[in-house]
file protein.csv (CSV, N, CA and C atoms)
chain,number,residue,atom,x,y,z
M,2,MET,N,94.5,77.9,58.0
M,2,MET,CA,93.5,78.8,58.5
M,2,MET,C,92.1,78.3,58.1
M,3,LYS,N,91.2,78.2,59.1
M,3,LYS,CA,89.9,77.7,58.9
M,3,LYS,C,89.0,78.9,58.5
M,4,LYS,N,88.0,78.6,57.6
M,4,LYS,CA,87.0,79.6,57.3
M,4,LYS,C,85.7,79.1,57.6
M,5,GLU,N,84.8,80.0,58.0
M,5,GLU,CA,83.4,79.5,58.3
M,5,GLU,C,82.6,79.4,57.1
M,6,ARG,N,81.9,78.3,57.0
M,6,ARG,CA,81.0,78.0,55.8
M,6,ARG,C,79.7,77.6,56.4
M,7,VAL,N,78.7,77.8,55.5
M,7,VAL,CA,77.3,77.5,55.9
M,7,VAL,C,76.8,76.4,55.0
M,8,PHE,N,76.2,75.3,55.5
M,8,PHE,CA,75.7,74.2,54.8
M,8,PHE,C,74.2,74.1,55.1
M,9,ASP,N,73.4,74.1,54.1
M,9,ASP,CA,72.0,73.9,54.2
M,9,ASP,C,71.7,72.5,54.7
M,10,THR,N,70.8,72.3,55.6
M,10,THR,CA,70.3,71.0,56.0
M,10,THR,C,68.8,70.9,55.9
M,11,ILE,N,68.3,69.7,55.9
M,11,ILE,CA,66.9,69.5,55.9
M,11,ILE,C,66.6,68.5,57.0
M,12,ILE,N,65.7,68.9,57.9
M,12,ILE,CA,65.3,68.0,59.0
M,12,ILE,C,63.9,67.5,58.8
M,13,HIS,N,63.8,66.2,59.0
M,13,HIS,CA,62.5,65.6,58.8
M,13,HIS,C,62.0,64.9,60.2
M,14,GLU,N,60.7,64.9,60.4
M,14,GLU,CA,60.2,64.1,61.5
M,14,GLU,C,60.3,62.6,61.1
M,15,ALA,N,60.7,61.8,62.1
M,15,ALA,CA,60.8,60.4,61.9
M,15,ALA,C,59.5,59.8,62.3
M,16,LYS,N,59.0,58.8,61.5
M,16,LYS,CA,57.7,58.1,61.8
M,16,LYS,C,57.7,57.5,63.2
M,17,GLU,N,58.9,57.0,63.6
M,17,GLU,CA,59.0,56.3,64.9
M,17,GLU,C,59.2,57.3,66.1
M,18,GLY,N,59.3,58.6,65.8
M,18,GLY,CA,59.5,59.6,66.8
M,18,GLY,C,60.9,60.2,66.6
M,19,GLY,N,61.1,61.4,67.1
M,19,GLY,CA,62.4,62.0,66.9
M,19,GLY,C,62.5,62.6,65.5
M,20,PHE,N,63.7,62.9,65.1
M,20,PHE,CA,64.0,63.6,63.8
M,20,PHE,C,65.2,63.0,63.1
M,21,TRP,N,65.3,63.1,61.8
M,21,TRP,CA,66.5,62.8,61.1
M,21,TRP,C,66.8,63.9,60.2
M,22,GLY,N,68.0,64.1,59.9
M,22,GLY,CA,68.4,65.3,59.0
M,22,GLY,C,69.5,64.9,58.0
M,23,GLU,N,69.6,65.7,57.0
M,23,GLU,CA,70.5,65.5,55.9
M,23,GLU,C,71.1,66.8,55.4
M,24,CYS,N,72.3,66.7,54.9
M,24,CYS,CA,72.9,67.8,54.2
M,24,CYS,C,73.1,67.4,52.7
M,25,PRO,N,72.1,67.9,51.9
M,25,PRO,CA,72.0,67.4,50.5
M,25,PRO,C,73.3,67.6,49.7
M,26,VAL,N,74.1,68.7,50.0
M,26,VAL,CA,75.3,68.9,49.1
M,26,VAL,C,76.4,67.9,49.5
M,27,LEU,N,76.3,67.3,50.6
M,27,LEU,CA,77.3,66.3,51.1
M,27,LEU,C,76.6,64.9,51.0
M,28,LYS,N,76.7,64.3,49.9
M,28,LYS,CA,76.0,63.0,49.6
M,28,LYS,C,76.3,62.0,50.7
M,29,GLY,N,75.2,61.5,51.3
M,29,GLY,CA,75.3,60.5,52.4
M,29,GLY,C,75.6,61.0,53.8
M,30,CYS,N,75.5,62.3,53.9
M,30,CYS,CA,75.7,62.9,55.2
M,30,CYS,C,74.3,63.1,55.9
M,31,TYR,N,74.1,62.2,56.9
M,31,TYR,CA,72.8,62.1,57.6
M,31,TYR,C,73.1,62.0,59.1
M,32,SER,N,72.1,62.3,59.9
M,32,SER,CA,72.2,62.1,61.3
M,32,SER,C,70.7,62.1,61.9
M,33,GLN,N,70.6,61.8,63.2
M,33,GLN,CA,69.3,61.8,63.8
M,33,GLN,C,69.4,62.2,65.2
M,34,GLY,N,68.2,62.5,65.8
M,34,GLY,CA,68.2,62.9,67.2
M,34,GLY,C,66.8,62.8,67.7
M,35,ASP,N,66.6,62.9,69.0
M,35,ASP,CA,65.3,62.8,69.7
M,35,ASP,C,64.6,64.2,69.6
M,36,THR,N,65.4,65.2,69.6
M,36,THR,CA,64.8,66.6,69.5
M,36,THR,C,65.4,67.4,68.4
M,37,LEU,N,64.8,68.5,68.0
M,37,LEU,CA,65.4,69.3,67.0
M,37,LEU,C,66.8,69.8,67.3
M,38,SER,N,67.0,70.2,68.6
M,38,SER,CA,68.3,70.7,69.0
M,38,SER,C,69.3,69.5,68.9
M,39,GLU,N,68.9,68.4,69.3
M,39,GLU,CA,69.9,67.2,69.2
M,39,GLU,C,70.2,66.9,67.8
M,40,VAL,N,69.3,66.8,66.9
M,40,VAL,CA,69.6,66.5,65.5
M,40,VAL,C,70.4,67.6,64.9
M,41,LYS,N,70.2,68.8,65.2
M,41,LYS,CA,71.0,69.9,64.7
M,41,LYS,C,72.5,69.7,65.1
M,42,GLU,N,72.6,69.4,66.4
M,42,GLU,CA,74.0,69.2,67.0
M,42,GLU,C,74.7,68.0,66.3
M,43,HIS,N,73.9,66.9,66.1
M,43,HIS,CA,74.5,65.7,65.5
M,43,HIS,C,74.8,66.0,64.0
M,44,LEU,N,74.0,66.8,63.3
M,44,LEU,CA,74.3,67.1,61.9
M,44,LEU,C,75.5,68.0,61.8
M,45,GLN,N,75.7,68.9,62.7
M,45,GLN,CA,76.9,69.7,62.7
M,45,GLN,C,78.2,68.8,62.8
M,46,GLU,N,78.1,67.9,63.8
M,46,GLU,CA,79.2,67.0,63.9
M,46,GLU,C,79.4,66.1,62.7
M,47,ALA,N,78.4,65.6,62.1
M,47,ALA,CA,78.5,64.8,60.9
M,47,ALA,C,79.1,65.6,59.7
M,48,ILE,N,78.7,66.9,59.6
M,48,ILE,CA,79.2,67.7,58.5
M,48,ILE,C,80.7,68.0,58.7
M,49,GLU,N,81.1,68.3,60.0
M,49,GLU,CA,82.5,68.5,60.3
M,49,GLU,C,83.3,67.3,60.0
M,50,LEU,N,82.9,66.1,60.4
M,50,LEU,CA,83.6,64.9,60.1
M,50,LEU,C,83.7,64.6,58.6
M,51,TYR,N,82.6,64.8,57.9
M,51,TYR,CA,82.6,64.6,56.5
M,51,TYR,C,83.6,65.5,55.8
M,52,ILE,N,83.7,66.7,56.2
M,52,ILE,CA,84.6,67.7,55.6
M,52,ILE,C,86.1,67.3,55.9
M,53,GLU,N,86.3,66.9,57.2
M,53,GLU,CA,87.6,66.5,57.6
M,53,GLU,C,88.1,65.3,56.8
M,54,GLU,N,87.2,64.4,56.5
M,54,GLU,CA,87.6,63.2,55.6
M,54,GLU,C,87.9,63.7,54.2
M,55,LEU,N,87.1,64.6,53.7
M,55,LEU,CA,87.4,65.1,52.3
M,55,LEU,C,88.8,65.7,52.3
M,56,GLU,N,89.0,66.6,53.3
M,56,GLU,CA,90.3,67.3,53.3
M,56,GLU,C,91.5,66.4,53.5
M,57,ALA,N,91.3,65.3,54.4
M,57,ALA,CA,92.4,64.4,54.6
M,57,ALA,C,92.7,63.6,53.3
M,58,ASN,N,91.7,63.4,52.5
M,58,ASN,CA,91.9,62.7,51.2
M,58,ASN,C,92.2,63.7,50.0
M,59,LYS,N,92.4,64.9,50.4
M,59,LYS,CA,92.7,66.0,49.4
M,59,LYS,C,91.6,66.1,48.3
M,60,LYS,N,90.4,66.0,48.8
M,60,LYS,CA,89.2,66.1,47.8
M,60,LYS,C,88.6,67.5,48.1
M,61,LYS,N,88.0,68.0,47.1
M,61,LYS,CA,87.4,69.3,47.1
M,61,LYS,C,86.1,69.2,47.9
M,62,VAL,N,85.8,70.2,48.8
M,62,VAL,CA,84.6,70.3,49.5
M,62,VAL,C,83.6,70.9,48.5
M,63,PRO,N,82.4,70.3,48.3
M,63,PRO,CA,81.4,70.8,47.4
M,63,PRO,C,81.0,72.2,47.7
M,64,ARG,N,80.7,72.9,46.7
M,64,ARG,CA,80.2,74.3,46.9
M,64,ARG,C,78.7,74.3,47.2
M,65,GLN,N,78.4,74.9,48.3
M,65,GLN,CA,77.0,75.0,48.7
M,65,GLN,C,76.2,76.0,47.9
M,66,MET,N,75.2,75.5,47.1
M,66,MET,CA,74.3,76.4,46.5
M,66,MET,C,73.1,76.5,47.5
M,67,ARG,N,72.5,77.7,47.7
M,67,ARG,CA,71.4,77.8,48.6
M,67,ARG,C,70.2,76.9,48.3
M,68,THR,N,69.6,76.3,49.3
M,68,THR,CA,68.5,75.5,49.2
M,68,THR,C,67.3,76.3,49.7
M,69,TYR,N,66.2,76.3,49.0
M,69,TYR,CA,65.0,77.0,49.5
M,69,TYR,C,63.9,76.0,49.6
M,70,ILE,N,63.3,75.9,50.7
M,70,ILE,CA,62.1,75.0,50.9
M,70,ILE,C,60.9,75.9,51.1
M,71,VAL,N,60.0,75.9,50.1
M,71,VAL,CA,58.9,76.8,50.1
M,71,VAL,C,57.6,76.0,50.0
M,72,PRO,N,56.7,76.2,51.0
M,72,PRO,CA,55.4,75.5,50.9
M,72,PRO,C,54.6,76.0,49.8
M,73,ILE,N,54.0,75.1,49.1
M,73,ILE,CA,53.0,75.5,48.0
M,73,ILE,C,51.7,74.7,48.3
M,74,GLU,N,50.7,75.5,48.4
M,74,GLU,CA,49.4,74.9,48.7
M,74,GLU,C,48.6,74.5,47.5
M,75,ILE,N,48.1,73.3,47.5
M,75,ILE,CA,47.2,72.8,46.4
M,75,ILE,C,46.0,72.3,47.1
M,76,GLN,N,44.9,72.1,46.3
M,76,GLN,CA,43.7,71.5,46.8
M,76,GLN,C,43.6,70.1,46.2
M,77,THR,N,43.2,69.2,47.0
M,77,THR,CA,43.0,67.8,46.6
M,77,THR,C,41.6,67.4,47.0
M,78,ARG,N,41.2,66.3,46.4
M,78,ARG,CA,39.9,65.7,46.8
M,78,ARG,C,39.9,65.0,48.1
M,79,VAL,N,41.0,64.6,48.5
M,79,VAL,CA,41.1,63.8,49.8
M,79,VAL,C,41.7,64.6,50.9
call {"tool": "encode", "arguments": {"input": "protein.csv", "output": "C-alpha cells"}}
result
Amino acid sequence: MKKERVFDTIIHEAKEGGFWGECPVLKGCYSQGDTLSEVKEHLQEAIELYIEELEANKKKVPRQMRTYIVPIEIQTRV
C-alpha cells in the first residue's frame, strides 16, 4: 500500500536561464527545467525515482522535517 508524502523542495533561478531545484532531505536529489512548471514536474519524477531506489535497497526513506524559507530584510551600504 502506498501512502502520500510531502517533500519540501527549493527552486532556484539558473544564471543561464531556466530553473534548477533540489529536495534537501534527499541528498543529491536535483533536477532542472526551463519553466517553474517543468522543474516541478522533473523534481517530482526525481523524488519518486530516488524513493524507489531506497525502497529497492531496503533503505529507510528520510523523514521530512518542514523547511521554511523566510525573507529577512537588512540594509547594506551597496
call {"tool": "residues_around", "arguments": {"input": "protein.csv", "residues": "His43 of chain M", "least_positions_apart": "5", "cutoff": "8 Å", "atoms": "all atoms listed in the file", "output": "list of chain:residue names"}}
result
M:Tyr31, M:Ser32, M:Gln33, M:Gly34, M:Leu37, M:Ser38, M:Ile48, M:Glu49
call {"tool": "write_last_selection", "arguments": {"input": "protein.csv", "atoms": "N, CA and C atoms", "output": "short mmCIF file (atom, residue, chain, number, x, y, z; two decimals), in the coordinates of the input"}}
result
data_model
loop_
_atom_site.label_atom_id
_atom_site.label_comp_id
_atom_site.auth_asym_id
_atom_site.auth_seq_id
_atom_site.Cartn_x
_atom_site.Cartn_y
_atom_site.Cartn_z
N TYR M 31 74.10 62.20 56.90
CA TYR M 31 72.80 62.10 57.60
C TYR M 31 73.10 62.00 59.10
N SER M 32 72.10 62.30 59.90
CA SER M 32 72.20 62.10 61.30
C SER M 32 70.70 62.10 61.90
N GLN M 33 70.60 61.80 63.20
CA GLN M 33 69.30 61.80 63.80
C GLN M 33 69.40 62.20 65.20
N GLY M 34 68.20 62.50 65.80
CA GLY M 34 68.20 62.90 67.20
C GLY M 34 66.80 62.80 67.70
N LEU M 37 64.80 68.50 68.00
CA LEU M 37 65.40 69.30 67.00
C LEU M 37 66.80 69.80 67.30
N SER M 38 67.00 70.20 68.60
CA SER M 38 68.30 70.70 69.00
C SER M 38 69.30 69.50 68.90
N ILE M 48 78.70 66.90 59.60
CA ILE M 48 79.20 67.70 58.50
C ILE M 48 80.70 68.00 58.70
N GLU M 49 81.10 68.30 60.00
CA GLU M 49 82.50 68.50 60.30
C GLU M 49 83.30 67.30 60.00
#
call {"tool": "atom_distance", "arguments": {"input": "protein.csv", "atom1": "atom CA of Lys16 of chain M", "atom2": "atom CA of Met66 of chain M"}}
result
29.1 Å
call {"tool": "residues_around", "arguments": {"input": "protein.csv", "residues": "Phe20 of chain M", "least_positions_apart": "4", "cutoff": "7 Å", "atoms": "only C-alpha atoms", "output": "PyMOL selection string"}}
result
chain M and resi 12-15+33-37+40
call {"tool": "closest_residue", "arguments": {"input": "protein.csv", "among": "M:Leu27, M:Val79, M:Glu74, M:Lys41", "to": "Val62 of chain M", "atoms": "only C-alpha atoms"}}
result
M:Leu27
call {"tool": "select_by_dssp", "arguments": {"input": "protein.csv", "residues": "segment 4-60 of chain M", "states": "helix (DSSP H, G or I)", "output": "ChimeraX atom specification"}}
result
/M:37-57
call {"tool": "atom_distance", "arguments": {"input": "protein.csv", "atom1": "atom CA of Ala57 of chain M", "atom2": "atom CA of Gln45 of chain M"}}
result
18.3 Å
call {"tool": "closest_residue", "arguments": {"input": "protein.csv", "among": "M:Tyr51, M:Lys3, M:Ile73, M:Gln65", "to": "Cys30 of chain M", "atoms": "all atoms listed in the file"}}
result
M:Tyr51
call {"tool": "residues_around", "arguments": {"input": "protein.csv", "residues": "Thr68 of chain M", "least_positions_apart": "3", "cutoff": "8 Å", "atoms": "only N, CA and C atoms", "output": "PyMOL selection string"}}
result
chain M and resi 8-10+65+71
call {"tool": "select_by_dssp", "arguments": {"input": "protein.csv", "residues": "chain M", "states": "strand (DSSP E)", "output": "list of chain:residue names"}}
result
M:Ile11, M:Ile12, M:His13, M:Glu14, M:Phe20, M:Trp21, M:Gly22, M:Glu23, M:Tyr31, M:Ser32, M:Gln33, M:Gly34
call {"tool": "atom_distance", "arguments": {"input": "protein.csv", "atom1": "atom N of Asn58 of chain M", "atom2": "atom CA of Trp21 of chain M"}}
result
26.6 Å
call {"tool": "closest_residue", "arguments": {"input": "protein.csv", "among": "M:Lys61, M:Lys28, M:Pro72, M:Glu23", "to": "Leu44 of chain M", "atoms": "all atoms listed in the file"}}
result
M:Glu23
call {"tool": "closest_residue", "arguments": {"input": "protein.csv", "among": "M:Glu39, M:Arg64, M:Arg78, M:Glu56", "to": "Gly19 of chain M", "atoms": "only C-alpha atoms"}}
result
M:Glu39
call {"tool": "closest_residue", "arguments": {"input": "protein.csv", "among": "M:Gly18, M:Glu46, M:Met2, M:Pro25", "to": "Pro63 of chain M", "atoms": "only C-alpha atoms"}}
result
M:Pro25
call {"tool": "decode", "arguments": {"input": "protein.csv", "residues": "segment 19-74 of chain M", "atoms": "C-alpha atoms", "output": "PDB file, in the first residue's frame"}}
result
ATOM      1  CA  GLY M  19      15.558  28.385 -16.553  1.00  0.00           C
ATOM      2  CA  PHE M  20      15.451  26.881 -13.081  1.00  0.00           C
ATOM      3  CA  TRP M  21      17.006  24.144 -11.013  1.00  0.00           C
ATOM      4  CA  GLY M  22      15.591  22.570  -7.901  1.00  0.00           C
ATOM      5  CA  GLU M  23      16.566  20.355  -5.024  1.00  0.00           C
ATOM      6  CA  CYS M  24      14.965  18.252  -2.337  1.00  0.00           C
ATOM      7  CA  PRO M  25      17.238  18.893   0.664  1.00  0.00           C
ATOM      8  CA  VAL M  26      16.113  15.872   2.711  1.00  0.00           C
ATOM      9  CA  LEU M  27      17.092  13.551  -0.164  1.00  0.00           C
ATOM     10  CA  LYS M  28      20.806  14.247  -0.562  1.00  0.00           C
ATOM     11  CA  GLY M  29      21.781  14.618  -4.207  1.00  0.00           C
ATOM     12  CA  CYS M  30      18.196  14.807  -5.481  1.00  0.00           C
ATOM     13  CA  TYR M  31      18.242  17.639  -8.040  1.00  0.00           C
ATOM     14  CA  SER M  32      16.573  18.470 -11.337  1.00  0.00           C
ATOM     15  CA  GLN M  33      16.142  21.354 -13.751  1.00  0.00           C
ATOM     16  CA  GLY M  34      13.695  22.811 -16.238  1.00  0.00           C
ATOM     17  CA  ASP M  35      13.061  25.758 -18.500  1.00  0.00           C
ATOM     18  CA  THR M  36       9.949  26.835 -16.569  1.00  0.00           C
ATOM     19  CA  LEU M  37       8.741  26.588 -12.976  1.00  0.00           C
ATOM     20  CA  SER M  38       6.129  24.087 -14.052  1.00  0.00           C
ATOM     21  CA  GLU M  39       8.723  21.961 -15.812  1.00  0.00           C
ATOM     22  CA  VAL M  40      11.209  21.948 -12.944  1.00  0.00           C
ATOM     23  CA  LYS M  41       8.435  20.990 -10.504  1.00  0.00           C
ATOM     24  CA  GLU M  42       7.427  18.091 -12.751  1.00  0.00           C
ATOM     25  CA  HIS M  43      11.045  16.963 -13.091  1.00  0.00           C
ATOM     26  CA  LEU M  44      11.608  17.225  -9.334  1.00  0.00           C
ATOM     27  CA  GLN M  45       8.568  15.069  -8.663  1.00  0.00           C
ATOM     28  CA  GLU M  46       9.952  12.426 -11.015  1.00  0.00           C
ATOM     29  CA  ALA M  47      13.397  12.657  -9.413  1.00  0.00           C
ATOM     30  CA  ILE M  48      11.936  12.265  -5.906  1.00  0.00           C
ATOM     31  CA  GLU M  49       9.841   9.265  -6.968  1.00  0.00           C
ATOM     32  CA  LEU M  50      12.866   7.566  -8.548  1.00  0.00           C
ATOM     33  CA  TYR M  51      15.038   8.345  -5.520  1.00  0.00           C
ATOM     34  CA  ILE M  52      12.492   6.771  -3.163  1.00  0.00           C
ATOM     35  CA  GLU M  53      12.019   3.742  -5.433  1.00  0.00           C
ATOM     36  CA  GLU M  54      15.784   3.185  -5.287  1.00  0.00           C
ATOM     37  CA  LEU M  55      15.828   3.473  -1.486  1.00  0.00           C
ATOM     38  CA  GLU M  56      12.948   1.008  -1.169  1.00  0.00           C
ATOM     39  CA  ALA M  57      14.523  -1.432  -3.669  1.00  0.00           C
ATOM     40  CA  ASN M  58      17.658  -1.446  -1.495  1.00  0.00           C
ATOM     41  CA  LYS M  59      15.585  -1.772   1.690  1.00  0.00           C
ATOM     42  CA  LYS M  60      16.804   1.584   2.977  1.00  0.00           C
ATOM     43  CA  LYS M  61      14.718   3.906   5.074  1.00  0.00           C
ATOM     44  CA  VAL M  62      13.159   6.949   3.412  1.00  0.00           C
ATOM     45  CA  PRO M  63      14.331  10.014   5.383  1.00  0.00           C
ATOM     46  CA  ARG M  64      11.725  11.754   7.487  1.00  0.00           C
ATOM     47  CA  GLN M  65      10.850  15.162   6.123  1.00  0.00           C
ATOM     48  CA  MET M  66      11.067  17.966   8.638  1.00  0.00           C
ATOM     49  CA  ARG M  67       9.319  21.083   7.377  1.00  0.00           C
ATOM     50  CA  THR M  68      11.546  23.654   5.687  1.00  0.00           C
ATOM     51  CA  TYR M  69      10.699  27.321   5.994  1.00  0.00           C
ATOM     52  CA  ILE M  70      12.203  29.904   3.701  1.00  0.00           C
ATOM     53  CA  VAL M  71      11.590  33.318   5.199  1.00  0.00           C
ATOM     54  CA  PRO M  72      12.841  36.577   3.704  1.00  0.00           C
ATOM     55  CA  ILE M  73      14.719  38.783   6.136  1.00  0.00           C
ATOM     56  CA  GLU M  74      15.402  42.372   5.114  1.00  0.00           C
TER      57      GLU M  74
END
